$ cat query_20.txt   # compact mmCIF, C-alpha atoms
# COMPACT_ATOMS: atom_id res chain seq x y z
CA MET A 1 1.05 179.70 70.25
CA THR A 2 -0.28 183.14 70.99
CA THR A 3 0.58 184.09 74.49
CA GLN A 4 -1.82 185.95 76.66
CA THR A 5 -0.47 188.01 79.51
CA LEU A 6 -2.76 188.82 82.40
CA ASP A 7 -1.93 190.49 85.67
CA ALA A 8 -1.91 188.51 88.89
CA PHE A 9 -5.47 189.44 89.79
CA GLN A 10 -6.85 188.46 86.43
CA VAL A 11 -5.03 185.16 86.74
CA ILE A 12 -6.57 184.28 90.07
CA ALA A 13 -9.98 185.71 89.14
CA ASP A 14 -10.73 182.50 87.24
CA PRO A 15 -12.05 179.63 89.41
CA SER A 16 -10.48 176.91 87.23
CA ARG A 17 -7.07 178.49 87.54
CA ARG A 18 -7.47 178.84 91.30
CA GLN A 19 -8.37 175.17 91.48
CA MET A 20 -5.34 174.28 89.39
CA MET A 21 -3.10 176.23 91.73
CA GLN A 22 -4.65 174.52 94.72
CA LEU A 23 -3.89 171.13 93.17
CA LEU A 24 -0.36 172.25 92.41
CA SER A 25 0.11 173.55 95.94
CA LYS A 26 -0.13 169.96 97.11
CA ASP A 27 2.22 168.55 94.55
CA SER A 28 3.86 169.23 91.22
CA MET A 29 1.83 167.64 88.41
CA THR A 30 2.03 166.80 84.75
CA ILE A 31 -0.28 168.74 82.46
CA ASN A 32 -2.10 165.51 81.69
CA ALA A 33 -2.64 164.68 85.35
CA LEU A 34 -3.85 168.22 85.95
CA ALA A 35 -6.23 168.04 82.99
CA GLU A 36 -7.86 164.89 84.39
CA ASN A 37 -9.29 166.97 87.22
CA PHE A 38 -11.17 169.27 84.89
CA ASP A 39 -14.12 168.88 82.63
CA MET A 40 -12.62 170.88 79.80
CA SER A 41 -10.71 170.27 76.62
CA ARG A 42 -6.99 169.72 76.73
CA PRO A 43 -6.36 172.95 74.72
CA ALA A 44 -8.44 174.84 77.27
CA VAL A 45 -6.32 173.42 80.10
CA SER A 46 -3.16 174.31 78.18
CA LYS A 47 -4.40 177.85 77.75
CA HIS A 48 -4.92 178.26 81.49
CA ILE A 49 -1.48 176.80 82.13
CA ARG A 50 0.06 179.22 79.67
CA ILE A 51 -1.67 182.14 81.42
CA MET A 52 -0.43 181.02 84.85
CA TYR A 53 3.04 180.47 83.44
CA ASN A 54 3.17 183.94 81.85
CA ALA A 55 2.12 185.59 85.10
CA GLY A 56 4.79 183.76 87.09
CA PHE A 57 2.48 181.49 89.09
CA ILE A 58 3.94 178.25 87.79
CA SER A 59 7.05 176.90 86.16
CA ILE A 60 7.02 174.16 83.55
CA LYS A 61 9.69 171.52 83.18
CA ASP A 62 9.99 168.80 80.58
CA ILE A 63 10.96 165.46 82.03
CA GLY A 64 11.03 162.70 79.48
CA ARG A 65 7.83 163.03 77.50
CA GLU A 66 5.93 164.74 80.29
CA ARG A 67 5.58 168.40 81.11
CA TYR A 68 5.55 169.07 84.84
CA CYS A 69 3.93 172.15 86.35
CA THR A 70 5.17 173.49 89.68
CA LEU A 71 3.87 176.43 91.69
CA LYS A 72 6.15 179.44 91.69
CA GLN A 73 6.51 182.40 94.05
CA ASP A 74 6.60 185.31 91.57
CA GLY A 75 2.88 185.51 90.90
CA PHE A 76 2.13 185.50 94.59
CA ASN A 77 4.66 188.26 95.13
CA GLU A 78 2.75 190.43 92.71
CA LEU A 79 -0.44 189.88 94.70
CA GLN A 80 1.44 190.80 97.84
CA ASP A 81 2.73 193.96 96.17
CA PHE A 82 -0.84 194.87 95.36
CA ILE A 83 -1.97 194.45 98.96
CA ASN A 84 1.05 196.46 100.07
CA TYR A 85 0.02 199.16 97.63
CA PHE A 86 -3.39 199.37 99.29
CA ASP A 87 -1.80 199.32 102.70
CA LYS A 88 0.18 202.42 101.78
CA PHE A 89 -2.86 203.99 100.15
CA TRP A 90 -4.91 203.77 103.37
CA GLU A 91 -1.96 204.86 105.51
CA ASN A 92 -1.65 208.03 103.43
CA LYS A 93 -5.36 208.69 103.44
CA LEU A 94 -5.70 208.25 107.17
CA LYS A 95 -2.77 210.59 107.75
CA LYS A 96 -4.60 213.13 105.66
CA LEU A 97 -7.71 212.66 107.75
CA GLU A 98 -5.67 213.06 110.90
CA ASN A 99 -4.19 216.35 109.66
CA LEU A 100 -7.61 217.55 108.67
CA LEU A 101 -9.10 216.81 112.07
CA ASN A 102 -6.08 218.23 113.90
CA ASN A 103 -6.37 221.48 111.99
CA LYS A 104 -10.04 221.58 112.70
CA ALA A 105 -9.40 221.11 116.42
CA LYS A 106 -6.85 223.94 116.40
CA ALA A 107 -9.19 226.29 114.58
CA LYS A 108 -11.76 225.99 117.34
CA MET B 1 1.54 186.04 103.46
CA ARG B 2 -0.72 188.86 104.43
CA LYS B 3 -4.17 188.97 102.92
CA GLU B 4 -5.89 191.82 104.66
CA ILE B 5 -5.19 195.37 105.73
CA LYS B 6 -5.85 196.61 109.24
CA LYS B 7 -5.28 200.14 110.49
CA THR B 8 -6.04 201.71 113.83
CA TRP B 9 -5.96 205.47 114.39
CA GLN B 10 -6.72 207.66 117.37
CA PHE B 11 -8.57 210.93 117.04
CA SER B 12 -9.34 213.52 119.67
CA GLN B 13 -12.78 214.10 118.14
CA SER B 14 -15.96 212.33 119.18
CA PRO B 15 -17.25 209.33 117.17
CA GLN B 16 -20.03 211.60 115.89
CA GLU B 17 -17.50 214.02 114.44
CA VAL B 18 -15.31 211.31 112.93
CA TRP B 19 -18.42 209.65 111.50
CA GLU B 20 -19.17 212.82 109.55
CA TYR B 21 -15.83 212.50 107.81
CA LEU B 22 -16.63 208.93 106.82
CA THR B 23 -20.08 209.60 105.48
CA ARG B 24 -20.38 213.11 104.04
CA PRO B 25 -19.17 213.32 100.43
CA GLU B 26 -17.87 216.88 100.76
CA LEU B 27 -15.77 215.79 103.77
CA LEU B 28 -14.70 212.46 102.24
CA GLU B 29 -13.40 214.36 99.25
CA GLN B 30 -11.06 216.32 101.50
CA TRP B 31 -9.08 213.31 102.68
CA LEU B 32 -10.06 210.26 100.66
CA MET B 33 -11.48 210.73 97.18
CA LYS B 34 -14.28 212.37 95.30
CA THR B 35 -17.42 210.32 95.83
CA ASN B 36 -21.20 210.27 95.60
CA PHE B 37 -21.56 208.22 98.78
CA GLN B 38 -24.85 208.18 100.64
CA PRO B 39 -25.36 206.42 103.96
CA ILE B 40 -28.07 204.07 102.70
CA VAL B 41 -27.69 200.28 102.80
CA GLY B 42 -27.61 198.93 99.25
CA TYR B 43 -26.69 202.30 97.77
CA LYS B 44 -24.21 201.98 94.93
CA PHE B 45 -21.55 204.67 94.73
CA TYR B 46 -18.05 205.32 93.48
CA PHE B 47 -14.76 206.91 94.37
CA ILE B 48 -12.99 208.85 91.65
CA GLY B 49 -9.40 209.89 91.20
CA ASN B 50 -6.20 209.75 93.22
CA CYS B 51 -5.65 206.06 92.54
CA ASP B 52 -4.85 207.07 89.00
CA ASP B 53 -5.32 210.23 86.95
CA SER B 54 -7.56 208.71 84.32
CA GLY B 55 -10.73 210.24 85.75
CA LYS B 56 -12.30 206.79 85.80
CA ALA B 57 -13.77 205.43 88.99
CA ALA B 58 -11.01 204.20 91.28
CA ALA B 59 -13.53 202.02 93.04
CA GLN B 60 -17.14 200.95 92.57
CA CYS B 61 -18.79 200.41 95.91
CA GLU B 62 -22.02 199.41 97.57
CA VAL B 63 -23.04 200.21 101.13
CA LEU B 64 -23.31 196.94 103.07
CA GLU B 65 -23.93 197.98 106.64
CA ILE B 66 -24.52 201.12 108.66
CA LYS B 67 -24.61 201.41 112.43
CA PRO B 68 -24.54 205.17 113.00
CA TYR B 69 -21.39 206.40 114.80
CA THR B 70 -20.27 202.77 115.28
CA GLN B 71 -19.72 200.88 112.07
CA LEU B 72 -19.82 201.40 108.33
CA SER B 73 -18.95 198.86 105.66
CA TYR B 74 -19.00 198.84 101.90
CA SER B 75 -17.87 196.62 99.08
CA TRP B 76 -14.87 197.95 97.20
CA GLN B 77 -14.48 196.86 93.62
CA ALA B 78 -11.30 198.30 92.20
CA ASN B 79 -9.79 197.86 88.82
CA SER B 80 -6.65 195.83 88.61
CA VAL B 81 -3.66 196.84 86.53
CA TYR B 82 -5.14 195.93 83.17
CA ASP B 83 -8.55 196.91 84.39
CA SER B 84 -10.62 194.44 82.38
CA MET B 85 -11.20 192.22 85.37
CA PRO B 86 -11.84 194.04 88.62
CA PHE B 87 -11.45 192.48 92.03
CA ASN B 88 -13.93 192.65 94.86
CA SER B 89 -13.03 193.52 98.39
CA LYS B 90 -14.66 194.91 101.48
CA VAL B 91 -13.90 197.95 103.60
CA VAL B 92 -15.10 198.07 107.20
CA TRP B 93 -14.84 201.14 109.42
CA THR B 94 -15.35 200.73 113.15
CA LEU B 95 -15.52 203.62 115.60
CA ILE B 96 -14.82 202.98 119.26
CA PRO B 97 -15.48 205.77 121.75
CA LYS B 98 -12.51 206.48 124.01
CA GLU B 99 -12.11 208.75 127.00
CA ASN B 100 -10.17 211.30 124.99
CA GLY B 101 -11.79 210.83 121.59
CA THR B 102 -12.27 208.02 119.10
CA GLU B 103 -10.40 204.97 117.96
CA LEU B 104 -10.99 204.40 114.28
CA GLN B 105 -10.34 200.95 112.86
CA LEU B 106 -10.12 200.16 109.19
CA VAL B 107 -10.19 196.63 107.85
CA HIS B 108 -9.86 196.01 104.13
CA THR B 109 -10.37 192.32 103.31
CA GLY B 110 -11.60 189.80 100.80
CA PHE B 111 -9.50 190.51 97.76
CA THR B 112 -11.42 188.08 95.57
CA GLY B 113 -9.88 184.73 95.05
CA LEU B 114 -6.96 185.52 97.25
CA ASP B 115 -8.18 183.64 100.28
CA ASP B 116 -8.34 180.17 98.84
CA VAL B 117 -5.10 180.55 96.93
CA ILE B 118 -3.15 182.12 99.74
CA ALA B 119 -4.48 179.63 102.25
CA HIS B 120 -2.25 177.14 100.51
CA ASN B 121 0.65 179.46 100.11
CA ASP B 122 2.34 178.78 103.44
CA GLY B 123 2.84 175.14 102.66
CA TRP B 124 3.94 175.46 99.11
CA THR B 125 7.46 176.78 99.67
CA ARG B 126 8.32 173.61 101.53
CA ILE B 127 6.62 171.50 98.88
CA GLY B 128 8.28 173.50 96.13
CA ASN B 129 11.67 172.77 97.65
CA ASN B 130 10.88 169.08 97.76
CA ILE B 131 9.85 169.17 94.12
CA ALA B 132 13.05 171.01 93.18
CA ALA B 133 15.05 168.35 94.96
CA PHE B 134 13.12 165.72 93.04
CA PHE B 135 13.80 167.39 89.71
CA ASN B 136 17.49 167.62 90.52
CA THR B 137 17.58 163.93 91.31
CA VAL B 138 15.82 163.03 88.08
CA LYS B 139 18.27 165.10 86.04
CA GLN B 140 21.32 163.39 87.50

$ encode --input "query_20.txt" --output "structure tokens"
Amino acid sequence: MTTQTLDAFQVIADPSRRQMMQLLSKDSMTINALAENFDMSRPAVSKHIRIMYNAGFISIKDIGRERYCTLKQDGFNELQDFINYFDKFWENKLKKLENLLNNKAKAK
Amino acid sequence: MRKEIKKTWQFSQSPQEVWEYLTRPELLEQWLMKTNFQPIVGYKFYFIGNCDDSGKAAAQCEVLEIKPYTQLSYSWQANSVYDSMPFNSKVVWTLIPKENGTELQLVHTGFTGLDDVIAHNDGWTRIGNNIAAFFNTVKQ
């Protein structure tokens, strides 16, 4: 199976995947049970699952004949890192603005 | 889990002066990024550079609201790491006149798709632990 690796934002950009994660946030589910909630082919569901798995949003465990999907923290951590990145970005920019305006005030 | 960014800064300048620095491209370039911003609702503009060195737009934006010297908001569509699927967010600047200057508030929200996923995030650690316990039981 070719594996597709997307970053956290690409993973959650897709409405079907967001819906899958919402379902999984309530309970761990088999791939079959998950697929029943979607009007798409089983391979299409599997592809989404593979994408979420690769990005660290879910883990997959085989129990008997069933494959269980469970939500996982890693993907969410990456999203958090991204927000933290922007937090720092604005902090730096606003400091720059502050310096700029302070210098301007002094020059008067 | 945090899903928005809020910053509050105090300036000794008047809201009018601070507003200039939020709306004039030649001033924005001095502290934020190079831009072709114009204070017109619906105007599409971009910020270039600083986020990365590729020379590509760091953010594609559209002016959403302008209340002169009081509030300015625009959409902020930035590229994510692999840059094929950008995310949408919103930046809101609010200026509050103070006795000795201006309080400037920045709110950056609405990272697309985050809200509905993260809304469920608080509960899932607990659920995840339950599931883990279940798996352990099944294995034994």

$ interface_residues --input "query_20.txt" --of "chain A" --to "chain B" --cutoff "9 Å" --atoms "only C-alpha atoms" --output "MDAnalysis selection string"
chainID A and resid 6:10 12:15 18:19 21:22 24:28 61 63 70:73 76 79:80 82:84 86:87 89:91 93:98 100:102 105

$ atom_distance --input "query_20.txt" --atom1 "CA of Ala33 in chain A" --atom2 "CA of Tyr53 in chain A"
16.9 Å

$ atom_distance --input "query_20.txt" --atom1 "CA of Tyr46 in chain B" --atom2 "CA of Ile96 in chain B"
26.1 Å

$ atom_distance --input "query_20.txt" --atom1 "CA of Pro25 in chain B" --atom2 "CA of Ile40 in chain B"
13.0 Å

$ residues_near_point --input "query_20.txt" --point "(-16.5, 203.2, 92.8)" --cutoff "7 Å" --atoms "all atoms listed in the file" --output "tab-separated table (two decimals) with C-alpha atoms, in the frame of the given file"
chain	number	residue	atom	x	y	z
B	45	PHE	CA	-21.55	204.67	94.73
B	46	TYR	CA	-18.05	205.32	93.48
B	47	PHE	CA	-14.76	206.91	94.37
B	48	ILE	CA	-12.99	208.85	91.65
B	57	ALA	CA	-13.77	205.43	88.99
B	58	ALA	CA	-11.01	204.20	91.28
B	59	ALA	CA	-13.53	202.02	93.04
B	60	GLN	CA	-17.14	200.95	92.57
B	61	CYS	CA	-18.79	200.41	95.91
B	77	GLN	CA	-14.48	196.86	93.62

$ closest_residue --input "query_20.txt" --among "B:Leu95, B:Tyr74, B:Gly49, B:Pro39" --to "Pro15 in chain B" --atoms "all atoms listed in the file"
B:Leu95

$ residues_around --input "query_20.txt" --residues "Ile60 in chain A" --least-positions-apart "3" --cutoff "7 Å" --atoms "only C-alpha atoms" --output "list in words"
Arg67, Tyr68, Cys69 and Thr70 of chain A

$ closest_residue --input "query_20.txt" --among "A:Gly56, A:Ser16, A:Leu23, A:Val11" --to "Ala44 in chain A" --atoms "only C-alpha atoms"
A:Ser16

$ decode --input "query_20.txt" --residues "range 23-79 of chain A" --atoms "C-alpha atoms" --output "PDB file, in the first residue's frame"
ATOM      1  CA  LEU A  23     -16.545   9.655  16.004  1.00  0.00           C
ATOM      2  CA  LEU A  24     -13.314   8.267  17.405  1.00  0.00           C
ATOM      3  CA  SER A  25     -13.217  10.905  20.126  1.00  0.00           C
ATOM      4  CA  LYS A  26     -16.326   9.290  21.560  1.00  0.00           C
ATOM      5  CA  ASP A  27     -15.069   5.760  21.358  1.00  0.00           C
ATOM      6  CA  SER A  28     -12.503   3.532  19.714  1.00  0.00           C
ATOM      7  CA  MET A  29     -13.998   1.864  16.620  1.00  0.00           C
ATOM      8  CA  THR A  30     -13.304  -0.868  14.137  1.00  0.00           C
ATOM      9  CA  ILE A  31     -12.603   0.243  10.583  1.00  0.00           C
ATOM     10  CA  ASN A  32     -15.811  -1.464   9.500  1.00  0.00           C
ATOM     11  CA  ALA A  33     -17.907   0.315  12.101  1.00  0.00           C
ATOM     12  CA  LEU A  34     -16.299   3.603  11.124  1.00  0.00           C
ATOM     13  CA  ALA A  35     -16.956   2.954   7.430  1.00  0.00           C
ATOM     14  CA  GLU A  36     -20.673   2.433   8.092  1.00  0.00           C
ATOM     15  CA  ASN A  37     -20.963   6.115   8.956  1.00  0.00           C
ATOM     16  CA  PHE A  38     -19.722   7.244   5.560  1.00  0.00           C
ATOM     17  CA  ASP A  39     -21.103   7.125   2.092  1.00  0.00           C
ATOM     18  CA  MET A  40     -17.834   6.131   0.486  1.00  0.00           C
ATOM     19  CA  SER A  41     -16.076   2.998  -0.621  1.00  0.00           C
ATOM     20  CA  ARG A  42     -14.210   0.899   1.877  1.00  0.00           C
ATOM     21  CA  PRO A  43     -10.857   1.611   0.114  1.00  0.00           C
ATOM     22  CA  ALA A  44     -11.597   5.326   0.391  1.00  0.00           C
ATOM     23  CA  VAL A  45     -12.213   4.953   4.125  1.00  0.00           C
ATOM     24  CA  SER A  46      -9.007   2.928   4.458  1.00  0.00           C
ATOM     25  CA  LYS A  47      -7.091   5.654   2.676  1.00  0.00           C
ATOM     26  CA  HIS A  48      -8.323   8.293   5.114  1.00  0.00           C
ATOM     27  CA  ILE A  49      -7.447   6.021   8.010  1.00  0.00           C
ATOM     28  CA  ARG A  50      -3.966   5.497   6.634  1.00  0.00           C
ATOM     29  CA  ILE A  51      -3.506   9.273   6.321  1.00  0.00           C
ATOM     30  CA  MET A  52      -4.639   9.871   9.914  1.00  0.00           C
ATOM     31  CA  TYR A  53      -2.440   7.026  11.102  1.00  0.00           C
ATOM     32  CA  ASN A  54       0.639   8.378   9.302  1.00  0.00           C
ATOM     33  CA  ALA A  55       0.140  11.826  10.797  1.00  0.00           C
ATOM     34  CA  GLY A  56      -0.164  10.443  14.317  1.00  0.00           C
ATOM     35  CA  PHE A  57      -3.860  11.173  14.845  1.00  0.00           C
ATOM     36  CA  ILE A  58      -4.871   7.578  15.396  1.00  0.00           C
ATOM     37  CA  SER A  59      -3.400   4.249  16.352  1.00  0.00           C
ATOM     38  CA  ILE A  60      -4.554   0.945  14.886  1.00  0.00           C
ATOM     39  CA  LYS A  61      -4.682  -2.309  16.781  1.00  0.00           C
ATOM     40  CA  ASP A  62      -5.626  -5.744  15.523  1.00  0.00           C
ATOM     41  CA  ILE A  63      -7.887  -7.619  17.878  1.00  0.00           C
ATOM     42  CA  GLY A  64      -9.011 -10.942  16.514  1.00  0.00           C
ATOM     43  CA  ARG A  65     -10.120 -10.290  12.963  1.00  0.00           C
ATOM     44  CA  GLU A  66     -10.954  -6.656  13.565  1.00  0.00           C
ATOM     45  CA  ARG A  67      -8.803  -3.575  13.260  1.00  0.00           C
ATOM     46  CA  TYR A  68      -9.532  -1.002  15.950  1.00  0.00           C
ATOM     47  CA  CYS A  69      -8.806   2.695  15.487  1.00  0.00           C
ATOM     48  CA  THR A  70      -8.138   4.877  18.520  1.00  0.00           C
ATOM     49  CA  LEU A  71      -7.476   8.599  18.670  1.00  0.00           C
ATOM     50  CA  LYS A  72      -3.898   9.509  19.501  1.00  0.00           C
ATOM     51  CA  GLN A  73      -2.307  12.648  20.934  1.00  0.00           C
ATOM     52  CA  ASP A  74       0.632  13.144  18.541  1.00  0.00           C
ATOM     53  CA  GLY A  75      -1.300  14.688  15.685  1.00  0.00           C
ATOM     54  CA  PHE A  76      -2.954  17.137  18.022  1.00  0.00           C
ATOM     55  CA  ASN A  77       0.418  18.062  19.468  1.00  0.00           C
ATOM     56  CA  GLU A  78       1.572  19.062  16.017  1.00  0.00           C
ATOM     57  CA  LEU A  79      -1.423  21.362  15.657  1.00  0.00           C
TER      58      LEU A  79
END
